[in-house]
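Comments concern the structure below.
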There are 4 protein chains.
Amino acid sequence: MLLDALSTLPELEAVFSDAAVLSAMLRFEIALARAESRRGIISEAAANAIASLTIDSLDAAAIARNARASATTAVPFVDALVAALDGTSREAAAVVHRGATSQDVTDTALVLCLLRAQPIVDGFHERIASALRRLSDEHAGTVMLARTLLQPAAPTTFGLKAAGWLGSLSRSHDAMTDAFRRACVLQFGGAAGTLAALGGDGWRVAEELARELGVPLPDAPWHAHRDRLASLVAACGVYAGAVSKAARDIALLMQAEVGEAAEPGGGSSAMPHKRNPAGCAVAMTSAARLPGLVATFLAGMAHEHERGLVGGPAEWTTVSTAVIATGSAAAALAGVVENLRVDRGRMREALDGTHGAILAERAMLLLAPVLGRQAAADAVRQALRASASGGFMAALLANPAAAPIIEAAPAGFEDSPNYLGMADQFRRRLTGDASE
Amino acid sequence: MLLDALSTLPELEAVFSDAAVLSAMLRFEIALARAESRRGIISEAAANAIASLTIDSLDAAAIARNARASATTAVPFVDALVAALDGTSREAAAVVHRGATSQDVTDTALVLCLLRAQPIVDGFHERIASALRRLSDEHAGTVMLARTLLQPAAPTTFGLKAAGWLGSLSRSHDAMTDAFRRACVLQFGGAAGTLAALGGDGWRVAEELARELGVPLPDAPWHAHRDRLASLVAACGVYAGAVSKAARDIALLMQAEVGEAAEPGGGSSAMPHKRNPAGCAVAMTSAARLPGLVATFLAGMAHEHERGLVGGPAEWTTVSTAVIATGSAAAALAGVVENLRVDRGRMREALDGTHGAILAERAMLLLAPVLGRQAAADAVRQALRASASGGFMAALLANPAAAPIIEAAPAGFEDSPNYLGMADQFRRRLTGDASE
Amino acid sequence: MLLDALSTLPELEAVFSDAAVLSAMLRFEIALARAESRRGIISEAAANAIASLTIDSLDAAAIARNARASATTAVPFVDALVAALDGTSREAAAVVHRGATSQDVTDTALVLCLLRAQPIVDGFHERIASALRRLSDEHAGTVMLARTLLQPAAPTTFGLKAAGWLGSLSRSHDAMTDAFRRACVLQFGGAAGTLAALGGDGWRVAEELARELGVPLPDAPWHAHRDRLASLVAACGVYAGAVSKAARDIALLMQAEVGEAAEPGGGSSAMPHKRNPAGCAVAMTSAARLPGLVATFLAGMAHEHERGLVGGPAEWTTVSTAVIATGSAAAALAGVVENLRVDRGRMREALDGTHGAILAERAMLLLAPVLGRQAAADAVRQALRASASGGFMAALLANPAAAPIIEAAPAGFEDSPNYLGMADQFRRRLTGDASE
Amino acid sequence: MLLDALSTLPELEAVFSDAAVLSAMLRFEIALARAESRRGIISEAAANAIASLTIDSLDAAAIARNARASATTAVPFVDALVAALDGTSREAAAVVHRGATSQDVTDTALVLCLLRAQPIVDGFHERIASALRRLSDEHAGTVMLARTLLQPAAPTTFGLKAAGWLGSLSRSHDAMTDAFRRACVLQFGGAAGTLAALGGDGWRVAEELARELGVPLPDAPWHAHRDRLASLVAACGVYAGAVSKAARDIALLMQAEVGEAAEPGGGSSAMPHKRNPAGCAVAMTSAARLPGLVATFLAGMAHEHERGLVGGPAEWTTVSTAVIATGSAAAALAGVVENLRVDRGRMREALDGTHGAILAERAMLLLAPVLGRQAAADAVRQALRASASGGFMAALLANPAAAPIIEAAPAGFEDSPNYLGMADQFRRRLTGDASE
């Protein structure tokens, strides 16, 4: 759709398309019929008739339209199955969906779609992680300004910066993977969540059904307990936040006035000279949807009794949009970091452009123990005011109280690459390359 | 789409469909060409060539796909116009979109779509308002339990209850109407928001363009100032909240154990006896999307400089989804209240079922000034404990201290319809029928 | 409190402090007693006894603690009044709070606090508006880069930029003022919202009470209909979003690499050279609370029946935090814009630093009608690649096809101040100085 | 505070009070001084002087007030330490906070507070879990109506209902515990996150500092990477959602018209007969704050570079409010479930009150395979219409086509306790008592 072109991707849209959703719903019903036939609850002939159904016989638009009358897509969906079977197998028409309820088919269908979406999102993350690891290694020694509150702070390396993004993305990807694993389990409880319609066979049908669908069987049905899906949506939100952090940093580095890094970028409809951080913008635009979606899911967790007024149907949109937008954000960031150009020269210029002011902390550390905090601060501040002409260090050396202390400092004191502390150790720990 | 079947409506989807969006974008470009040709900026021939374009020559899916490369649909859209014109009019291809920038076309297209959506939403509101006014009038004298924290409180009327819903819906509909009016204005500023590309003609082209599109011209372009759209989304959120309030109340009244009102309702895929408050559920499901969408819009208001990283494109989805979901909620509530059955008998039974306990406040008001607050409270509490057998009033009359005070109260004291205070005056003020 | 030091202000905290809240609650009860005494419902002596109460006799901490037992502060508050009166006037103890219910006192107390908060917030806005108007006038002719997606776009003026902030802030302040006016009305409905406890006197007591408190009387009680408060919180959210937009722009302009504007700023605990955009940071930090608060309010609008499970008490925190954070954001922005230093030189340098590339749109407008869109685009792109050395315009003039067209352009074509279009007209319209 | 009396608890407020926050900040500085003195970076005398500081010498209100000037509480806090030390040890004044930056002290102080809050929240959860396990065991055989969309569905047990709440709460408590563990790690990175100020000693000082504070040392500083805190806030949101689910269910069961369960409840300021689900209301009111807080945190994750404009300070409020509100919700639910009275009689009456209609699904399962789906549905619907008089089963037996099938069903067919399927197995799996 044009309206959300920047927060979706065709390959993820496809996973949650009407056809895909109907397919997943039908897979549930077919697997249920097979499981029930194996347990002797319905005949093999009926199961075969159900198994021969395809989504071609279903009218998604009509099902969507009719869903409003019963507040669930499951009712018109089952009606459509019955209609499709009525001509061919009266028995199958009588027993299709037997023992199941609306949320069994809709929740499990959602799970089946999520299981298809996960590897797509993972693929984007792997591209990001691999590109960031490479960038971090390449730029282990690329010194640049750290910036706090958008102002020059002290030296760091681009290698550490990239590793920081990687660390946060990897941690939150791990958490998202875990959340997918916990959330993607069978929902099968029948009308009241007791499988009463299946008599003593409930558990065995559930086991067969889970095996048939390749989906784990949880301790109990979860039709009214949505914590697992909530945790998944929230984990997407955290991951998207980490994507957004990296994208914003890169867009800021790409400002013409900064120019330390650049993604391929995109153009403008009016201005031929523009080279916009389009990939970062798409990543951030996609990620921006998540906080609201997470809040929507959480605010709706209090399902009334065994099925809430608002509930499954509201969550369906929220979960799918969240996963799609997260994947879209990751895809955009993958494109950005795989093609990122880093400008070591501009980074160095920015450091030099501070005229040494970023070493003010270092000067304080030397001067304060000798001169006292106040006198040291005065000397540093005075030197900072003079730093635009000649530089901070020269100005400090012109101060008779400070000069001897500074002169006694180790050689190379004033050189940024000598003021990097643990930057590379942290970098290696974050990239998992901390063998040393 | 199946996934959001319960929070959209075909007629509102159509307003924001790819075809509708492309149409609106094209309307902008055609109107711009006409305006510029009238001011002599481009030739009439070029304007005519542009005006002869139709959306049939445009590939929405391709535009959506390519939008990611430039973080706007406008760039591939204009490219598609140029390609479509290249064969027929080299001049038109050169001047199409002249002087405009991406957000001019996308923001104004959004406004054009909003102007089509508004009367649809209004239509649902009018149905709600008319039905509620009728229900309130019909049930001006229908006494029922007011309930606070879901417990019986004191008598009220269903007429006042319906009028309360109407009041809140009318106020928030007025506010939404106002917000639509303020938000639906032309966006036209060119690359930097100065219309510099049009030289001295900027303002006059803008005036022509606004007239051509039938959209008011604001004081200045608003490409980076999103307060008007924010207010519109927020107003939708408030209106949807008011819808949700009425829907929840009705679903609660429809509980089998309460049974005081019922909407037509819908069925279950498993249980033939179910009559679910499906309309209320759809209304609440649709409305549940709004808080998160409003938060998303507000959180994204700080567009960087003259166009933000996240911005227009993110808002497009948010605004359209908000308006669609609001309309969907209103449509569902309209269906509910137009077909609501009110059960006066059950309402009366519920009052009686409290055995007079809901008159405890009234008893306190009589007893406290005479007996003192503590003694009155003790007498009332004692009578309440005894109320299940024989009733609260009988128990109170058995108390020698309380009896004479109660006996001196006006006749009919113990009858709920005599304890309605201002219920009907408030009702008439809320329904606008306060002529008396 | 330290934990939210950056999103509150002492003067606004004071308005919602325990003492202020208790005062407002007590004002309600005293005014109610007076109104009832005037209508002969309670004695003048009882009213006088109630009117002589002060908050010194109330233990806020105990009331807060006990509020959990009844899910409202009103119950322990009234208990405390009764206890305080018991010694002095048995009659007053019996009749205090007569005819009112919990939400009458808590909602009206909230309204009384809001009425005190509004002028404080307004004061900050007036300071912002006045400073921005002055900045806009002063810098009507200060040419600078417009930036889209954080990249140089085309020339604009700082005067227009400041006027843009002003326009958005003024519009949303107007809307907030309107929302305050609508929301700040008396809540008085008694147990069921019918004032039944006051018999036929309900309306007159309500009128007296409203007059006594200086608060308008609405059409009906609104204990369960929260659209007015919702609109107020939402309006705060929109205003805070406008504050955030200006603050972010200024923080971006203050980047060392941009340096076009600077607020006084604050220091660092580690780095003496830091001059951080602390005012912008505080404004944005405060404003960042709003979207979540608005969503919280909206998500809670569906109060069950005549008083919801979640409801008034939840809203109390949300509304007060929203207003305080909005005021805190405005106060911080006021400090920023009143003390903003604008660097015309750096603005000019940034324009020059594009080597003329920002005129690429202008060149396209000249070349495309003659050369055709594609050839013009090729010429411009080629010149852009060469622009770092010698400049865009020189490179364009070296192109034999483009040169004659460019040479025929009006003198001063290449000068940014001649490419400002409607900037000043828009500016004057936004600042309300469009008399010409 | 009165304004948020229903979403806080004194014991959790205390953990995040000004005194507690200052204590935690001071603990950081003292531990840092000790660590640095052990590594020979500062003298033992200086470390001792710093270690002798107490929060009595600090003015929390002044620090909060001054925090706005630098957008962090750390700057005025360190200034206050320096002022306090200046009189006693010039050396200590010079070296306090050496090598650290603002976020080191504020983030680590937050972590220290969180570590104190966690066992308090855990204690409430343990009370809930133990009470729910007991309720579930006691009511393993208590048959009641399952309700979907607030309408009678089919029989279930209260034991399973309680176990469902327990399952969701236990899972989300486990996730919250995990999130606490991941989030509660030392933040120590110095000005740029490299510990450069400590030269080659950075890592060892960090190790000493972590050991001194009893807080784990992570792979690298996380000043600008907030995924761990985001996950914690989100986990609180999921847990609070699970609390809210149980609280809402109980409040619905406690409706006078349902009366199947009751918490002790609270009173009204106007109506002596009221017994409100005050505990449920407080639980839901507290939990209602979470979705907005989670969205706020997530929306703010994109910190600019090494410290964002909005960031730490905004998060401080969000995280602490989230944890306090989560604890408050859990405490309220603990009170509810520990004192819950379950009314087996009313549960049975509600089942009987459906006149057998809840067995309609069961009848369909028997009839459909024999009569065909449509004929079976017709028979069932006809019987449902007649069920109010005489009951559903009698009506069905009056149908000549249906009667023989029904009569052939196993004895006790029409008895709810025989239609519970896997209810007890699910219950035992959820309570962890599935040994059989």
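Each chain of the structure tokens is named A, B, ... in the order shown, its residues numbered from 1; ligands are numbered from 1 in display order.
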
Enumerate as a VMD selection string the residues belonging to chain B that approach chain D to within 8 Å, with only C-alpha atoms taken into account.
chain B and resid 149 to 153 251 to 252 255 to 258 270 to 277 281 299 350 357 to 358 360 to 361 364 377 380 to 381 384

Would you return as number ranges by chain the members of region 108-174 of chain B that DSSP assigns to alpha helix (DSSP H) on this structure's backbone?
B: 108-138, 158-174

Excluding same-chain residues fewer than 4 positions from Val205 (chain A), what lies within 8 Å of it counting only C-alpha atoms, as a PyMOL selection string?
chain A and resi 32+35-36+39+201+209

If you run DSSP on this backbone, which residues of region 211-406 of chain A come out as strand (DSSP E or B), and could you give them as number ranges by chain?
A: 261-262, 266, 276, 307, 341-342

Using only C-alpha atoms, which residues sit within 10 Å of Val323 (chain B) once same-chain residues fewer than 2 positions away are excluded, as a PyMOL selection string?
chain B and resi 8+12-13+16+114+117-118+121+232-233+235-237+240+290+318-321+325-329

Rounded to one decimal in Å, what is the spacing between CA of Met347 (chain A) and CA of Met144 (chain A)?
4.9 Å

Hey, what's within 10 Å of Ala80 (chain B) if we count only C-alpha atoms and toss same-chain stuff fewer than 6 positions away? As a tab-separated table (two decimals) with all heavy atoms, in the first residue's frame, please?
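File produced: out_35.tsv:
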```tsv
chain	number	residue	atom	x	y	z
B	57	SER	N	-2.00	5.14	-15.98
B	57	SER	CA	-0.63	5.05	-16.49
B	57	SER	C	0.38	4.88	-15.35
B	57	SER	O	1.58	4.82	-15.60
B	57	SER	CB	-0.31	6.33	-17.28
B	57	SER	OG	-0.55	7.46	-16.47
B	58	LEU	N	-0.11	4.79	-14.12
B	58	LEU	CA	0.81	4.72	-12.98
B	58	LEU	C	0.74	3.34	-12.33
B	58	LEU	O	-0.33	2.75	-12.22
B	58	LEU	CB	0.44	5.80	-11.94
B	58	LEU	CG	0.41	7.23	-12.48
B	58	LEU	CD1	-0.14	8.17	-11.42
B	58	LEU	CD2	1.79	7.66	-12.93
B	59	ASP	N	1.90	2.85	-11.88
B	59	ASP	CA	1.98	1.52	-11.27
B	59	ASP	C	2.20	1.71	-9.76
B	59	ASP	O	3.32	1.94	-9.31
B	59	ASP	CB	3.13	0.75	-11.92
B	59	ASP	CG	3.35	-0.62	-11.27
B	59	ASP	OD1	2.72	-0.91	-10.23
B	59	ASP	OD2	4.16	-1.40	-11.82
B	60	ALA	N	1.10	1.60	-9.02
B	60	ALA	CA	1.15	1.89	-7.59
B	60	ALA	C	2.16	1.00	-6.87
B	60	ALA	O	2.93	1.46	-6.01
B	60	ALA	CB	-0.23	1.71	-6.96
B	62	ALA	N	4.83	-0.39	-8.01
B	62	ALA	CA	6.20	0.01	-8.31
B	62	ALA	C	6.55	1.29	-7.55
B	62	ALA	O	7.67	1.44	-7.04
B	62	ALA	CB	6.37	0.22	-9.81
B	63	ILE	N	5.61	2.22	-7.51
B	63	ILE	CA	5.87	3.47	-6.77
B	63	ILE	C	6.11	3.17	-5.30
B	63	ILE	O	7.06	3.70	-4.69
B	63	ILE	CB	4.68	4.45	-6.97
B	63	ILE	CG1	4.64	4.92	-8.44
B	63	ILE	CG2	4.78	5.64	-6.03
B	63	ILE	CD1	3.43	5.75	-8.80
B	74	ALA	N	6.75	10.53	-3.25
B	74	ALA	CA	6.66	11.59	-4.24
B	74	ALA	C	7.70	11.45	-5.34
B	74	ALA	O	7.43	11.72	-6.52
B	74	ALA	CB	6.80	12.95	-3.56
B	86	ASP	N	6.79	11.82	-21.16
B	86	ASP	CA	7.94	11.94	-22.05
B	86	ASP	C	7.57	11.67	-23.51
B	86	ASP	O	8.02	12.37	-24.41
B	86	ASP	CB	9.06	10.99	-21.60
B	86	ASP	CG	10.27	11.79	-21.15
B	86	ASP	OD1	10.29	13.01	-21.38
B	86	ASP	OD2	11.19	11.21	-20.56
```

If we count only C-alpha atoms, what is near Met284 (chain B) at a cut-off of 7 Å, once residues fewer than 6 positions away on the same chain are taken out, given as a list in words?
Val310 of chain A; Ser244, Ala247 and Ala329 of chain B

Using only C-alpha atoms, which protein or nucleic acid residues come within 9 Å of Glu207 (chain D)? Drop anything in the same chain fewer than 4 positions from it, and give the result as a CSV table (one decimal) with all heavy atoms, in the first residue's frame.
```
chain,number,residue,atom,x,y,z
D,35,ALA,N,37.7,2.2,45.0
D,35,ALA,CA,38.3,1.5,43.8
D,35,ALA,C,39.6,2.2,43.3
D,35,ALA,O,40.6,1.6,43.1
D,35,ALA,CB,37.3,1.3,42.7
D,202,GLY,N,41.5,1.5,33.6
D,202,GLY,CA,40.0,1.5,33.5
D,202,GLY,C,39.3,0.2,33.9
D,202,GLY,O,38.4,0.2,34.7
D,203,TRP,N,39.7,-0.8,33.3
D,203,TRP,CA,39.0,-2.1,33.5
D,203,TRP,C,39.1,-2.5,34.9
D,203,TRP,O,38.2,-3.0,35.5
D,203,TRP,CB,39.6,-3.2,32.5
D,203,TRP,CG,38.7,-4.4,32.6
D,203,TRP,CD1,39.1,-5.6,33.2
D,203,TRP,CD2,37.4,-4.6,32.2
D,203,TRP,NE1,38.1,-6.5,33.1
D,203,TRP,CE2,37.0,-5.9,32.5
D,203,TRP,CE3,36.5,-3.7,31.5
D,203,TRP,CZ2,35.7,-6.4,32.2
D,203,TRP,CZ3,35.2,-4.2,31.2
D,203,TRP,CH2,34.9,-5.5,31.6
D,211,ARG,N,32.5,-4.8,42.1
D,211,ARG,CA,32.6,-5.7,43.3
D,211,ARG,C,32.2,-4.9,44.6
D,211,ARG,O,31.4,-5.4,45.4
D,211,ARG,CB,34.0,-6.2,43.5
D,211,ARG,CG,34.2,-7.3,44.5
D,211,ARG,CD,35.6,-7.9,44.5
D,211,ARG,NE,36.1,-8.1,43.2
D,211,ARG,CZ,37.2,-7.7,42.7
D,211,ARG,NH1,38.1,-7.0,43.5
D,211,ARG,NH2,37.6,-7.9,41.5
D,212,GLU,N,32.7,-3.7,44.7
D,212,GLU,CA,32.3,-2.8,45.8
D,212,GLU,C,30.8,-2.6,45.9
D,212,GLU,O,30.2,-2.6,47.0
D,212,GLU,CB,33.0,-1.5,45.6
D,212,GLU,CG,33.0,-0.5,46.8
D,212,GLU,CD,34.0,-0.9,47.9
D,212,GLU,OE1,35.1,-1.4,47.5
D,212,GLU,OE2,33.7,-0.7,49.0
D,216,PRO,N,26.9,-6.6,38.9
D,216,PRO,CA,27.7,-7.2,37.8
D,216,PRO,C,28.3,-6.2,36.8
D,216,PRO,O,27.7,-5.1,36.6
D,216,PRO,CB,26.7,-8.1,37.1
D,216,PRO,CG,25.6,-8.4,38.1
D,216,PRO,CD,25.5,-7.1,38.9
D,217,LEU,N,29.4,-6.5,36.3
D,217,LEU,CA,30.1,-5.7,35.3
D,217,LEU,C,29.7,-6.2,33.9
D,217,LEU,O,29.9,-7.4,33.6
D,217,LEU,CB,31.6,-5.8,35.5
D,217,LEU,CG,32.5,-5.0,34.7
D,217,LEU,CD1,32.3,-3.5,35.0
D,217,LEU,CD2,34.0,-5.3,35.1
```

Would you mind telling me which residue in D:Ala379, D:Ala288, D:Leu145, D:His303 lies nearest to Pro417 (chain D) when using only C-alpha atoms?
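Of all the options, D:Leu145 lies closest to Pro417 (chain D).
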
Atomic distance CA of Val337 (chain B) - CA of Leu135 (chain B), expressed in Å with one decimal
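Separation of CA of Val337 (chain B) and CA of Leu135 (chain B): 8.2 Å.
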
How far is it from CA of Gln382 (chain B) to CA of Leu396 (chain B), in Å with one decimal?
8.1 Å
